[in-house]
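Undergrad: Hey, dropping run-v8.txt in here, compact mmCIF, C-alpha atoms and all ligand atoms:
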# COMPACT_ATOMS: atom_id res chain seq x y z
CA MET A 113 15.00 -28.91 -3.20
CA SER A 114 14.94 -25.37 -4.56
CA MET A 115 13.75 -22.46 -2.46
CA ASP A 116 12.08 -19.81 -4.60
CA PRO A 117 13.41 -16.37 -3.58
CA SER A 118 10.45 -14.68 -5.28
CA ALA A 119 7.95 -16.49 -3.05
CA PHE A 120 6.84 -13.19 -1.55
CA ASP A 121 6.16 -11.55 -4.89
CA PHE A 122 2.36 -11.19 -5.06
CA THR A 123 2.28 -9.22 -8.32
CA GLY A 124 -1.19 -9.36 -9.85
CA ARG A 125 -2.63 -11.46 -7.02
CA HIS A 126 -5.89 -10.37 -5.41
CA LEU A 127 -6.00 -9.77 -1.64
CA PHE A 128 -9.46 -9.15 -0.16
CA VAL A 129 -9.48 -7.75 3.37
CA ALA A 130 -12.54 -7.75 5.63
CA GLY A 131 -12.04 -5.03 8.24
CA GLY A 132 -9.16 -3.52 6.30
CA SER A 133 -9.43 0.22 6.91
CA SER A 134 -7.10 0.48 9.89
CA GLY A 135 -4.67 -1.18 12.27
CA ILE A 136 -3.24 -4.65 11.80
CA ASN A 137 -5.37 -5.59 8.81
CA LEU A 138 -4.51 -2.42 6.91
CA GLY A 139 -0.84 -2.88 7.79
CA VAL A 140 -0.90 -6.40 6.38
CA ALA A 141 -2.64 -5.07 3.27
CA GLN A 142 0.12 -2.47 2.86
CA ALA A 143 2.77 -5.20 3.03
CA PHE A 144 0.97 -7.18 0.31
CA ALA A 145 0.53 -4.00 -1.77
CA ARG A 146 4.28 -3.37 -1.58
CA ALA A 147 4.74 -6.95 -2.79
CA GLY A 148 2.57 -6.23 -5.83
CA ALA A 149 -0.90 -7.44 -4.81
CA ASN A 150 -4.10 -5.73 -5.92
CA VAL A 151 -6.12 -5.08 -2.77
CA SER A 152 -9.84 -4.80 -2.16
CA LEU A 153 -10.96 -3.94 1.32
CA ILE A 154 -14.17 -3.39 3.21
CA SER A 155 -15.16 -1.83 6.51
CA ARG A 156 -18.21 -0.01 7.83
CA SER A 157 -16.97 3.54 7.28
CA ALA A 158 -17.00 4.76 3.67
CA ASP A 159 -14.51 7.52 4.55
CA LYS A 160 -12.08 5.15 6.26
CA VAL A 161 -12.07 2.58 3.42
CA ALA A 162 -11.67 5.30 0.79
CA THR A 163 -8.70 6.80 2.64
CA ALA A 164 -7.16 3.36 3.18
CA ALA A 165 -7.56 2.44 -0.51
CA ALA A 166 -6.01 5.76 -1.60
CA GLY A 167 -3.06 5.06 0.71
CA LEU A 168 -2.58 1.63 -0.86
CA GLU A 169 -2.66 3.11 -4.36
CA ALA A 170 0.02 5.57 -3.29
CA LEU A 171 2.22 2.51 -2.73
CA GLY A 172 1.96 1.81 -6.46
CA THR A 173 -0.70 -0.87 -6.61
CA GLN A 174 -4.41 -0.92 -7.45
CA ALA A 175 -6.91 -0.82 -4.61
CA LEU A 176 -10.66 -0.79 -4.15
CA GLY A 177 -12.35 0.32 -0.93
CA ILE A 178 -16.01 -0.54 -0.36
CA ALA A 179 -18.19 0.27 2.65
CA ALA A 180 -19.77 -2.94 3.93
CA ASP A 181 -20.57 -4.38 7.35
CA VAL A 182 -19.68 -8.05 7.89
CA ARG A 183 -23.01 -8.41 9.74
CA GLN A 184 -24.89 -7.61 6.51
CA PRO A 185 -24.62 -10.49 4.02
CA GLU A 186 -26.18 -8.58 1.11
CA ALA A 187 -23.69 -5.71 1.35
CA LEU A 188 -20.87 -8.20 1.74
CA GLU A 189 -21.94 -10.15 -1.33
CA ARG A 190 -22.13 -6.94 -3.38
CA ALA A 191 -18.63 -5.98 -2.27
CA LEU A 192 -17.21 -9.42 -3.08
CA SER A 193 -18.79 -9.39 -6.54
CA GLU A 194 -17.48 -5.90 -7.28
CA ALA A 195 -13.99 -6.89 -6.12
CA HIS A 196 -14.10 -10.09 -8.22
CA VAL A 197 -15.09 -8.15 -11.35
CA ARG A 198 -12.26 -5.65 -10.76
CA PHE A 199 -9.39 -7.96 -9.75
CA GLY A 200 -10.51 -11.52 -10.56
CA PRO A 201 -10.76 -14.44 -8.14
CA ILE A 202 -9.49 -13.86 -4.61
CA ASP A 203 -6.05 -15.39 -3.98
CA VAL A 204 -5.78 -14.30 -0.35
CA LEU A 205 -8.70 -13.56 1.96
CA LEU A 206 -7.76 -11.76 5.17
CA SER A 207 -10.68 -11.82 7.59
CA GLY A 208 -10.18 -9.62 10.63
CA ALA A 209 -13.18 -7.36 11.25
CA ALA A 210 -13.63 -7.13 15.01
CA GLY A 211 -14.89 -5.06 17.90
CA ASN A 212 -13.85 -4.99 21.54
CA PHE A 213 -14.32 -3.18 24.84
CA LEU A 214 -13.61 -4.10 28.43
CA ALA A 215 -16.64 -5.04 30.48
CA SER A 216 -17.36 -7.68 33.09
CA ALA A 217 -20.04 -10.20 32.18
CA LEU A 218 -22.42 -8.51 34.61
CA ASP A 219 -21.77 -5.09 33.06
CA MET A 220 -22.33 -6.48 29.58
CA SER A 221 -25.90 -6.38 28.28
CA PRO A 222 -27.07 -9.25 26.08
CA ASN A 223 -26.81 -6.82 23.16
CA ALA A 224 -23.23 -5.91 24.09
CA PHE A 225 -22.22 -9.59 24.08
CA LYS A 226 -24.18 -10.23 20.90
CA THR A 227 -22.65 -7.26 19.10
CA VAL A 228 -19.09 -8.57 19.45
CA VAL A 229 -20.11 -12.15 18.63
CA GLU A 230 -21.95 -10.87 15.55
CA ILE A 231 -18.97 -8.89 14.28
CA ASP A 232 -16.16 -11.31 15.15
CA LEU A 233 -17.72 -14.75 14.80
CA LEU A 234 -20.84 -14.49 12.67
CA GLY A 235 -19.02 -11.87 10.59
CA SER A 236 -16.11 -14.25 9.96
CA PHE A 237 -18.57 -16.97 8.98
CA ASN A 238 -20.35 -14.59 6.59
CA VAL A 239 -17.06 -13.49 5.04
CA ALA A 240 -15.72 -17.02 4.51
CA ARG A 241 -19.02 -18.50 3.35
CA LEU A 242 -19.86 -15.72 0.89
CA ALA A 243 -16.27 -15.41 -0.34
CA HIS A 244 -16.11 -19.13 -1.18
CA ALA A 245 -17.66 -18.62 -4.62
CA HIS A 246 -15.12 -15.88 -5.36
CA LEU A 247 -11.99 -17.74 -4.26
CA ARG A 248 -9.35 -19.06 -6.64
CA ARG A 249 -9.79 -22.82 -6.55
CA PRO A 250 -7.37 -24.47 -6.18
CA GLY A 251 -4.90 -22.14 -4.55
CA ALA A 252 -6.71 -19.66 -2.31
CA SER A 253 -5.44 -18.98 1.20
CA ILE A 254 -7.81 -17.71 3.88
CA ILE A 255 -6.25 -16.05 6.92
CA GLN A 256 -8.44 -15.36 9.92
CA ILE A 257 -7.21 -12.90 12.52
CA SER A 258 -7.97 -14.38 15.91
CA ALA A 259 -6.79 -13.33 19.40
CA GLY A 260 -5.24 -14.93 22.47
CA GLN A 261 -8.61 -14.64 24.21
CA ALA A 262 -9.62 -17.65 22.08
CA PHE A 263 -7.63 -19.93 24.38
CA THR A 264 -6.80 -17.84 27.45
CA PRO A 265 -9.88 -17.20 29.59
CA THR A 266 -9.74 -13.45 30.19
CA PRO A 267 -11.93 -11.53 32.66
CA PHE A 268 -13.74 -8.51 31.11
CA GLN A 269 -13.52 -10.28 27.73
CA ALA A 270 -16.34 -12.86 27.84
CA HIS A 271 -17.63 -11.70 24.44
CA VAL A 272 -14.24 -11.76 22.69
CA CYS A 273 -13.18 -15.05 24.32
CA ALA A 274 -16.35 -16.76 23.13
CA ALA A 275 -16.25 -15.18 19.66
CA LYS A 276 -12.58 -15.77 18.85
CA ALA A 277 -12.69 -19.36 20.18
CA GLY A 278 -15.49 -19.82 17.65
CA VAL A 279 -13.39 -18.23 14.91
CA ASP A 280 -10.57 -20.73 15.49
CA MET A 281 -12.98 -23.66 15.47
CA LEU A 282 -14.41 -22.32 12.20
CA THR A 283 -10.86 -22.31 10.82
CA ARG A 284 -10.49 -25.99 11.66
CA VAL A 285 -13.88 -27.03 10.31
CA LEU A 286 -13.49 -25.14 7.02
CA ALA A 287 -10.00 -26.59 6.57
CA LEU A 288 -11.67 -30.01 6.56
CA GLU A 289 -14.62 -29.01 4.39
CA TRP A 290 -12.68 -27.04 1.76
CA GLY A 291 -9.28 -28.76 1.69
CA ALA A 292 -10.21 -31.01 -1.25
CA GLU A 293 -10.91 -27.89 -3.35
CA GLY A 294 -7.38 -26.65 -2.72
CA ILE A 295 -8.46 -23.92 -0.29
CA ARG A 296 -6.31 -23.48 2.81
CA ILE A 297 -7.50 -21.64 5.91
CA ASN A 298 -5.51 -20.75 9.01
CA SER A 299 -5.79 -18.43 12.02
CA ILE A 300 -3.09 -16.00 13.06
CA VAL A 301 -3.25 -15.11 16.75
CA PRO A 302 -1.55 -11.73 17.22
CA GLY A 303 -0.12 -10.81 20.59
CA PRO A 304 -0.42 -7.22 21.83
CA ILE A 305 0.46 -5.13 18.78
CA ALA A 306 1.82 -1.62 19.37
CA ASP A 307 -0.09 1.44 18.15
CA THR A 308 -3.37 -0.30 17.42
CA GLU A 309 -6.94 0.35 18.49
CA GLY A 310 -7.23 -3.15 19.88
CA LEU A 311 -4.31 -2.68 22.26
CA LYS A 312 -5.48 0.81 23.21
CA ARG A 313 -8.70 -0.76 24.42
CA LEU A 314 -6.98 -3.44 26.51
CA ALA A 315 -4.14 -1.26 27.81
CA PRO A 316 -5.48 2.31 27.94
CA THR A 317 -2.80 3.81 30.23
CA ALA A 318 1.01 3.92 30.14
CA ARG A 319 1.12 1.66 33.20
CA THR A 320 -1.18 -1.02 31.77
CA LEU A 321 0.70 -0.89 28.46
CA ASP A 322 4.02 -1.46 30.19
CA ASP A 323 2.52 -4.31 32.26
CA MET A 324 1.31 -5.91 29.05
CA ALA A 325 4.74 -5.66 27.39
CA GLN A 326 6.43 -7.12 30.47
CA ARG A 327 4.06 -10.10 30.45
CA VAL A 328 5.25 -11.10 26.98
CA PRO A 329 8.10 -13.64 27.28
CA LEU A 330 10.03 -11.79 24.54
CA LYS A 331 9.56 -8.58 26.59
CA ARG A 332 8.29 -6.41 23.80
CA LEU A 333 5.02 -5.49 22.16
CA GLY A 334 4.40 -6.92 18.71
CA ARG A 335 4.70 -4.95 15.49
CA ILE A 336 2.26 -5.06 12.59
CA GLU A 337 5.11 -6.35 10.40
CA ASP A 338 5.35 -9.42 12.66
CA ILE A 339 1.80 -10.29 11.61
CA ALA A 340 2.35 -9.32 7.96
CA ARG A 341 5.31 -11.68 7.67
CA MET A 342 3.31 -14.65 8.95
CA ALA A 343 0.42 -13.72 6.64
CA MET A 344 2.83 -13.74 3.69
CA VAL A 345 4.17 -17.16 4.61
CA LEU A 346 0.63 -18.54 4.87
CA ALA A 347 -0.40 -16.92 1.58
CA SER A 348 2.66 -18.04 -0.37
CA ASP A 349 3.95 -21.40 -1.57
CA TRP A 350 6.00 -21.52 1.63
CA GLY A 351 2.74 -22.22 3.45
CA SER A 352 1.35 -24.62 0.88
CA TYR A 353 1.04 -27.58 3.28
CA ILE A 354 -0.39 -25.60 6.20
CA THR A 355 -4.14 -25.63 6.78
CA GLY A 356 -6.39 -25.68 9.83
CA ALA A 357 -3.58 -24.25 11.97
CA VAL A 358 -3.99 -21.71 14.75
CA ILE A 359 -0.68 -19.89 14.91
CA PRO A 360 0.26 -17.53 17.74
CA VAL A 361 2.50 -14.64 16.65
CA ASP A 362 2.67 -13.24 20.15
CA GLY A 363 6.18 -13.31 21.58
CA GLY A 364 5.17 -16.34 23.67
CA LEU A 365 2.18 -14.72 25.42
CA ALA A 366 0.04 -17.81 24.82
CA LEU A 367 2.30 -19.68 27.26
CA THR A 368 1.39 -17.42 30.15
CA GLY A 369 -1.82 -17.66 32.18
CA PRO A 370 -4.93 -15.51 32.32
CA ARG A 371 -4.24 -11.78 32.33
CA ASP A 372 -5.41 -9.43 35.03
CA LEU A 373 -7.14 -6.61 33.17
CA THR A 374 -8.75 -5.13 36.30
CA ALA A 375 -6.70 -1.90 36.19
CA ALA A 376 -7.38 -1.48 32.48
CA ALA A 377 -11.11 -2.09 32.99
CA GLU A 378 -11.16 0.41 35.85
CA ALA A 379 -9.45 3.07 33.67
CA THR A 380 -11.89 2.38 30.83
CA ARG A 381 -14.88 2.59 33.17
CA LYS A 382 -13.73 6.04 34.31
CA THR A 383 -13.34 7.15 30.68
CA ARG A 384 -16.80 5.90 29.76
CA ALA A 385 -18.60 7.25 32.86
N1 LIG B 1 -19.04 -1.50 28.08
C1 LIG B 1 -20.22 -2.16 28.10
N2 LIG B 1 -21.07 -2.19 27.04
C2 LIG B 1 -20.68 -1.55 25.92
C3 LIG B 1 -19.46 -0.86 25.82
C4 LIG B 1 -18.62 -0.85 26.96
N3 LIG B 1 -17.44 -0.21 26.96
N4 LIG B 1 -19.37 -0.34 24.56
C5 LIG B 1 -20.49 -0.69 23.90
N5 LIG B 1 -21.29 -1.41 24.72
C6 LIG B 1 -22.61 -1.94 24.41
C7 LIG B 1 -23.61 -0.84 24.08
O1 LIG B 1 -24.08 -0.20 25.26
C8 LIG B 1 -24.67 -1.63 23.33
O2 LIG B 1 -25.45 -2.38 24.21
P1 LIG B 1 -26.98 -1.87 24.63
O3 LIG B 1 -27.74 -1.73 23.33
O4 LIG B 1 -27.51 -2.94 25.51
O5 LIG B 1 -26.78 -0.55 25.33
C9 LIG B 1 -23.85 -2.67 22.56
O6 LIG B 1 -22.59 -2.74 23.23
C10 LIG B 1 -23.63 -2.28 21.11
O7 LIG B 1 -23.05 -1.00 21.06
P2 LIG B 1 -23.07 -0.12 19.72
O8 LIG B 1 -22.26 1.11 20.00
O9 LIG B 1 -24.48 0.06 19.27
O10 LIG B 1 -22.37 -1.13 18.69
P3 LIG B 1 -21.72 -0.85 17.27
O11 LIG B 1 -22.05 -2.00 16.42
O12 LIG B 1 -22.01 0.55 16.79
O13 LIG B 1 -20.12 -0.84 17.62
C11 LIG B 1 -18.46 -1.79 19.12
C12 LIG B 1 -19.44 -2.01 17.97
C13 LIG B 1 -19.26 -1.57 20.41
C14 LIG B 1 -17.66 -3.07 19.26
C15 LIG B 1 -17.55 -0.55 18.91
O14 LIG B 1 -16.65 -0.45 20.00
C16 LIG B 1 -16.75 -0.61 17.60
O15 LIG B 1 -17.24 -0.16 16.58
N6 LIG B 1 -15.54 -1.20 17.61
C17 LIG B 1 -14.66 -1.31 16.40
C18 LIG B 1 -13.23 -0.94 16.73
C19 LIG B 1 -12.60 -1.88 17.71
O16 LIG B 1 -13.22 -2.33 18.67
N7 LIG B 1 -11.33 -2.17 17.47
C20 LIG B 1 -10.60 -3.13 18.24
C21 LIG B 1 -10.66 -4.45 17.55
S1 LIG B 1 -9.92 -5.66 18.59
P1 LIG B 2 -8.90 -1.85 14.35
O1 LIG B 2 -7.89 -0.90 13.80
O2 LIG B 2 -10.06 -1.29 15.07
O3 LIG B 2 -9.39 -2.79 13.15
C1 LIG B 2 -10.68 -3.30 13.05
C2 LIG B 2 -11.15 -3.14 11.62
O4 LIG B 2 -12.40 -3.79 11.47
C3 LIG B 2 -11.36 -1.68 11.22
O5 LIG B 2 -10.93 -1.53 9.88
C4 LIG B 2 -12.86 -1.49 11.31
O6 LIG B 2 -13.24 -0.44 10.42
C5 LIG B 2 -13.33 -2.88 10.88
N1 LIG B 2 -14.66 -3.27 11.38
C6 LIG B 2 -15.14 -3.23 12.66
N2 LIG B 2 -16.39 -3.67 12.69
C7 LIG B 2 -16.71 -4.03 11.42
C8 LIG B 2 -17.88 -4.57 10.83
N3 LIG B 2 -18.98 -4.82 11.55
N4 LIG B 2 -17.87 -4.83 9.49
C9 LIG B 2 -16.76 -4.54 8.72
N5 LIG B 2 -15.63 -4.04 9.25
C10 LIG B 2 -15.61 -3.77 10.58
O7 LIG B 2 -8.23 -2.88 15.36
P2 LIG B 2 -6.88 -3.76 15.40
O8 LIG B 2 -6.40 -3.65 16.79
O9 LIG B 2 -5.98 -3.47 14.29
O10 LIG B 2 -7.49 -5.24 15.25
C11 LIG B 2 -7.46 -5.95 14.01
C12 LIG B 2 -7.67 -7.43 14.26
O11 LIG B 2 -6.60 -7.94 15.07
C13 LIG B 2 -8.95 -7.79 14.99
O12 LIG B 2 -9.47 -8.98 14.45
C14 LIG B 2 -8.48 -8.01 16.41
O13 LIG B 2 -9.34 -8.86 17.14
C15 LIG B 2 -7.14 -8.65 16.17
N6 LIG B 2 -6.19 -8.56 17.29
C16 LIG B 2 -5.65 -7.35 17.62
C17 LIG B 2 -4.69 -7.29 18.62
C18 LIG B 2 -4.02 -5.99 18.96
O14 LIG B 2 -3.10 -5.96 19.77
N7 LIG B 2 -4.42 -4.89 18.34
C19 LIG B 2 -4.34 -8.44 19.34
C20 LIG B 2 -4.95 -9.65 19.01
C21 LIG B 2 -5.86 -9.70 17.96
P3 LIG B 2 -14.66 0.37 10.54
O15 LIG B 2 -14.65 1.02 11.89
O16 LIG B 2 -14.63 1.33 9.39
O17 LIG B 2 -15.73 -0.65 10.37
Written as structure tokens, that's how I'd like the structure from this file.
TA:
Amino acid sequence: MSMDPSAFDFTGRHLFVAGGSSGINLGVAQAFARAGANVSLISRSADKVATAAAGLEALGTQALGIAADVRQPEALERALSEAHVRFGPIDVLLSGAAGNFLASALDMSPNAFKTVVEIDLLGSFNVARLAHAHLRRPGASIIQISAGQAFTPTPFQAHVCAAKAGVDMLTRVLALEWGAEGIRINSIVPGPIADTEGLKRLAPTARTLDDMAQRVPLKRLGRIEDIARMAMVLASDWGSYITGAVIPVDGGLALTGPRDLTAAAEATRKTRA
């Protein structure tokens, strides 16, 4: 058996990122850009996507940033078509648009719950379903960015728990429906990743951040590169027999029980009040 050392060369491949203007998703996009991929990305803010795309181009690749909300199918379809015309069929689809805040179920209005479910779950469905026509077939790899809340019931996170559990089930169903076309789809479940908006919202103080790191069996917060490396495996030939998998990249956090986010929720409530 030969192992191809250029497996992580994505020169000329097209990466489309939903929710790609910041944080983990942008960091993964930067890793693919350094490996030669052309990147198209969308998020709600025109300024943020433009800045993110310019940053990717500064890495020496071609990038396209388009303002689109994953809750708006028409805008999404326009963005996918524009990206397809510019860079050809999508080889790698990274789907990670999400929203989060800490609130108990009783402090969460129906619209608050619905908002997160619409971005995380319905948004992921919209992205995958509308991207299907633009995917390279066979060969495309879809990577959904999930969260540990999908399998660890977490107080103050009813919306995210419900939405991300749905995202992972979508991963499994689409793996079955689209496998025969040569489309693979997997979920990456990041642990707490340092210097990200998502972690800031769950661990808003130095104390809660340290508690979070200590909970991780590997005793450190994750780095964006930890997620980028797994994304590259899943997108490359090294991942060619992996589909329908939900893969924690979390230092072992999935093995621990429900988290106590009471102190974090209390700190957030004070900030918001
Ligand atoms: N506690 C309780 N309810 C909250 C809340 C909080 N901290 N923050 C927002 N809400 C409620 C709002 O009050 C509103 O409900 P209402 O109409 O009944 O009052 C509902 O959520 C929608 O808020 P809105 O600000 O209109 O939504 P949006 O679509 O503009 O923004 C969010 C979406 C709320 C998720 C926003 O935090 C966001 O844009 N997040 C993206 C960044 C992010 O979360 N990154 C981490 C990813 S893990
Ligand atoms: P982030 O920087 O806030 O990233 C979220 C991205 O989604 C932003 O680019 C945001 O840009 C975009 N977005 C939000 N709502 C959108 C919408 N309706 N339509 C289109 N784009 C939208 O947060 P992050 O912490 O890096 O999180 C990235 C992903 O990792 C999320 O899926 C999150 O659930 C997951 N995750 C994070 C952690 C962590 O520790 N950070 C842990 C587990 C899982 P705009 O504001 O411009 O729209």
Undergrad: So that I can check the surroundings of segment 360-371 of chain A, please list as an MDAnalysis selection string every protein, DNA and RNA residue that reaches within 12 Å of it, counting only C-alpha atoms and ignoring chain neighbours fewer than 2 positions away.
TA: chainID A and resid 256:269 273 280 298:306 314:315 320 323:343 357:358 373:377
Undergrad: Could you turn the residues from that selection into a file that holds C-alpha atoms, as a tab-separated table (two decimals), keeping the file's coordinate frame?
TA:
chain	number	residue	atom	x	y	z
A	256	GLN	CA	-8.44	-15.36	9.92
A	257	ILE	CA	-7.21	-12.90	12.52
A	258	SER	CA	-7.97	-14.38	15.91
A	259	ALA	CA	-6.79	-13.33	19.40
A	260	GLY	CA	-5.24	-14.93	22.47
A	261	GLN	CA	-8.61	-14.64	24.21
A	262	ALA	CA	-9.62	-17.65	22.08
A	263	PHE	CA	-7.63	-19.93	24.38
A	264	THR	CA	-6.80	-17.84	27.45
A	265	PRO	CA	-9.88	-17.20	29.59
A	266	THR	CA	-9.74	-13.45	30.19
A	267	PRO	CA	-11.93	-11.53	32.66
A	268	PHE	CA	-13.74	-8.51	31.11
A	269	GLN	CA	-13.52	-10.28	27.73
A	273	CYS	CA	-13.18	-15.05	24.32
A	280	ASP	CA	-10.57	-20.73	15.49
A	298	ASN	CA	-5.51	-20.75	9.01
A	299	SER	CA	-5.79	-18.43	12.02
A	300	ILE	CA	-3.09	-16.00	13.06
A	301	VAL	CA	-3.25	-15.11	16.75
A	302	PRO	CA	-1.55	-11.73	17.22
A	303	GLY	CA	-0.12	-10.81	20.59
A	304	PRO	CA	-0.42	-7.22	21.83
A	305	ILE	CA	0.46	-5.13	18.78
A	306	ALA	CA	1.82	-1.62	19.37
A	314	LEU	CA	-6.98	-3.44	26.51
A	315	ALA	CA	-4.14	-1.26	27.81
A	320	THR	CA	-1.18	-1.02	31.77
A	323	ASP	CA	2.52	-4.31	32.26
A	324	MET	CA	1.31	-5.91	29.05
A	325	ALA	CA	4.74	-5.66	27.39
A	326	GLN	CA	6.43	-7.12	30.47
A	327	ARG	CA	4.06	-10.10	30.45
A	328	VAL	CA	5.25	-11.10	26.98
A	329	PRO	CA	8.10	-13.64	27.28
A	330	LEU	CA	10.03	-11.79	24.54
A	331	LYS	CA	9.56	-8.58	26.59
A	332	ARG	CA	8.29	-6.41	23.80
A	333	LEU	CA	5.02	-5.49	22.16
A	334	GLY	CA	4.40	-6.92	18.71
A	335	ARG	CA	4.70	-4.95	15.49
A	336	ILE	CA	2.26	-5.06	12.59
A	337	GLU	CA	5.11	-6.35	10.40
A	338	ASP	CA	5.35	-9.42	12.66
A	339	ILE	CA	1.80	-10.29	11.61
A	340	ALA	CA	2.35	-9.32	7.96
A	341	ARG	CA	5.31	-11.68	7.67
A	342	MET	CA	3.31	-14.65	8.95
A	343	ALA	CA	0.42	-13.72	6.64
A	357	ALA	CA	-3.58	-24.25	11.97
A	358	VAL	CA	-3.99	-21.71	14.75
A	373	LEU	CA	-7.14	-6.61	33.17
A	374	THR	CA	-8.75	-5.13	36.30
A	375	ALA	CA	-6.70	-1.90	36.19
A	376	ALA	CA	-7.38	-1.48	32.48
A	377	ALA	CA	-11.11	-2.09	32.99
Undergrad: Go through A:Leu234, A:Val151, A:Ala215, A:Leu247 and flag the residue nearest ligand LIG 2 (chain B), using only C-alpha atoms and all ligand atoms for the distances.
TA: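 Ranking A:Leu234, A:Val151, A:Ala215, A:Leu247 by distance to ligand LIG 2 (chain B), first place goes to A:Leu234.
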Undergrad: For segment 167-184 of chain A, please output as a ChimeraX atom specification all residues within 8 Å (counting only C-alpha atoms; exclusion window: fewer than 6 positions along the same chain).
TA: /A:130,141-142,145-146,148-158,161,191,195,209,230-231,234-236,238-239
Undergrad: What would the file look like if the residues just selected were written as an mmCIF file, in the coordinates of the input with C-alpha atoms?
TA:
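Written out: selection.cif:
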data_model
loop_
_atom_site.group_PDB
_atom_site.id
_atom_site.type_symbol
_atom_site.label_atom_id
_atom_site.label_comp_id
_atom_site.auth_asym_id
_atom_site.auth_seq_id
_atom_site.Cartn_x
_atom_site.Cartn_y
_atom_site.Cartn_z
ATOM 1 C CA ALA A 130 -12.540 -7.750 5.630
ATOM 2 C CA ALA A 141 -2.640 -5.070 3.270
ATOM 3 C CA GLN A 142 0.120 -2.470 2.860
ATOM 4 C CA ALA A 145 0.530 -4.000 -1.770
ATOM 5 C CA ARG A 146 4.280 -3.370 -1.580
ATOM 6 C CA GLY A 148 2.570 -6.230 -5.830
ATOM 7 C CA ALA A 149 -0.900 -7.440 -4.810
ATOM 8 C CA ASN A 150 -4.100 -5.730 -5.920
ATOM 9 C CA VAL A 151 -6.120 -5.080 -2.770
ATOM 10 C CA SER A 152 -9.840 -4.800 -2.160
ATOM 11 C CA LEU A 153 -10.960 -3.940 1.320
ATOM 12 C CA ILE A 154 -14.170 -3.390 3.210
ATOM 13 C CA SER A 155 -15.160 -1.830 6.510
ATOM 14 C CA ARG A 156 -18.210 -0.010 7.830
ATOM 15 C CA SER A 157 -16.970 3.540 7.280
ATOM 16 C CA ALA A 158 -17.000 4.760 3.670
ATOM 17 C CA VAL A 161 -12.070 2.580 3.420
ATOM 18 C CA ALA A 191 -18.630 -5.980 -2.270
ATOM 19 C CA ALA A 195 -13.990 -6.890 -6.120
ATOM 20 C CA ALA A 209 -13.180 -7.360 11.250
ATOM 21 C CA GLU A 230 -21.950 -10.870 15.550
ATOM 22 C CA ILE A 231 -18.970 -8.890 14.280
ATOM 23 C CA LEU A 234 -20.840 -14.490 12.670
ATOM 24 C CA GLY A 235 -19.020 -11.870 10.590
ATOM 25 C CA SER A 236 -16.110 -14.250 9.960
ATOM 26 C CA ASN A 238 -20.350 -14.590 6.590
ATOM 27 C CA VAL A 239 -17.060 -13.490 5.040
#
Undergrad: May I ask you to write as a PyMOL selection string all residues lying at most 8 Å from ligand LIG 1 (chain B), with only C-alpha atoms and all ligand atoms counted?
TA: chain A and resi 209-216+219-228+231+308-311+313+380-381+384
Undergrad: Please compute the atom CA of Ser134 of chain A-atom CA of Asp372 of chain A distance, one decimal, in Å.
TA: 27.1 Å
Undergrad: Enter the distance from atom CA of Ala162 of chain A to atom CA of Arg125 of chain A, in Å, rounded to one decimal.
TA: 20.6 Å
Undergrad: Would you mind reading off the distance between atom CA of Ile202 of chain A and atom CA of Gly251 of chain A, one decimal, in Å?
TA: 9.5 Å
Undergrad: Using only C-alpha atoms and all ligand atoms, which of the listed residues (A:Ser253, A:Ser193, A:Met281, A:Lys312) sits closest to ligand LIG 2 (chain B)?
TA: A:Lys312
Undergrad: With only C-alpha atoms as the basis for distance, which of A:Ile359, A:Leu288, A:Leu205, A:Ala143 is at the shortest distance from Leu242 of chain A?
TA: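 Among the listed residues, the smallest separation from Leu242 of chain A belongs to A:Leu205.
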Undergrad: Would you please work out which residue, of A:Pro316, A:Gly124, A:Gly351, A:Gly278, is nearest to Arg198 of chain A when using only C-alpha atoms?
TA: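 Smallest distance to Arg198 of chain A is found for A:Gly124.
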Undergrad: Pro250 of chain A: which residues within 12 Å, counting all atoms listed in the file, same-chain residues fewer than 2 positions away excluded, as a CSV table (one decimal) with C-alpha atoms, in the coordinates of the input?
TA:
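What landed in out03.csv:
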chain,number,residue,atom,x,y,z
A,201,PRO,CA,-10.8,-14.4,-8.1
A,202,ILE,CA,-9.5,-13.9,-4.6
A,203,ASP,CA,-6.0,-15.4,-4.0
A,204,VAL,CA,-5.8,-14.3,-0.4
A,244,HIS,CA,-16.1,-19.1,-1.2
A,245,ALA,CA,-17.7,-18.6,-4.6
A,246,HIS,CA,-15.1,-15.9,-5.4
A,247,LEU,CA,-12.0,-17.7,-4.3
A,248,ARG,CA,-9.4,-19.1,-6.6
A,252,ALA,CA,-6.7,-19.7,-2.3
A,253,SER,CA,-5.4,-19.0,1.2
A,290,TRP,CA,-12.7,-27.0,1.8
A,291,GLY,CA,-9.3,-28.8,1.7
A,292,ALA,CA,-10.2,-31.0,-1.2
A,293,GLU,CA,-10.9,-27.9,-3.4
A,294,GLY,CA,-7.4,-26.6,-2.7
A,295,ILE,CA,-8.5,-23.9,-0.3
A,296,ARG,CA,-6.3,-23.5,2.8
A,352,SER,CA,1.4,-24.6,0.9
Undergrad: Which residue, A:Ala217, A:Ala379, A:Ala166, A:Leu233, has the smallest gap to ligand LIG 2 (chain B) when you use only C-alpha atoms and all ligand atoms?
TA: A:Leu233
Undergrad: Compare A:Thr283, A:His271, A:Asp232, A:Arg249 by their minimum atom-to-atom distance to ligand LIG 2 (chain B), counting only C-alpha atoms and all ligand atoms, and give me the closest one.
TA: A:Asp232
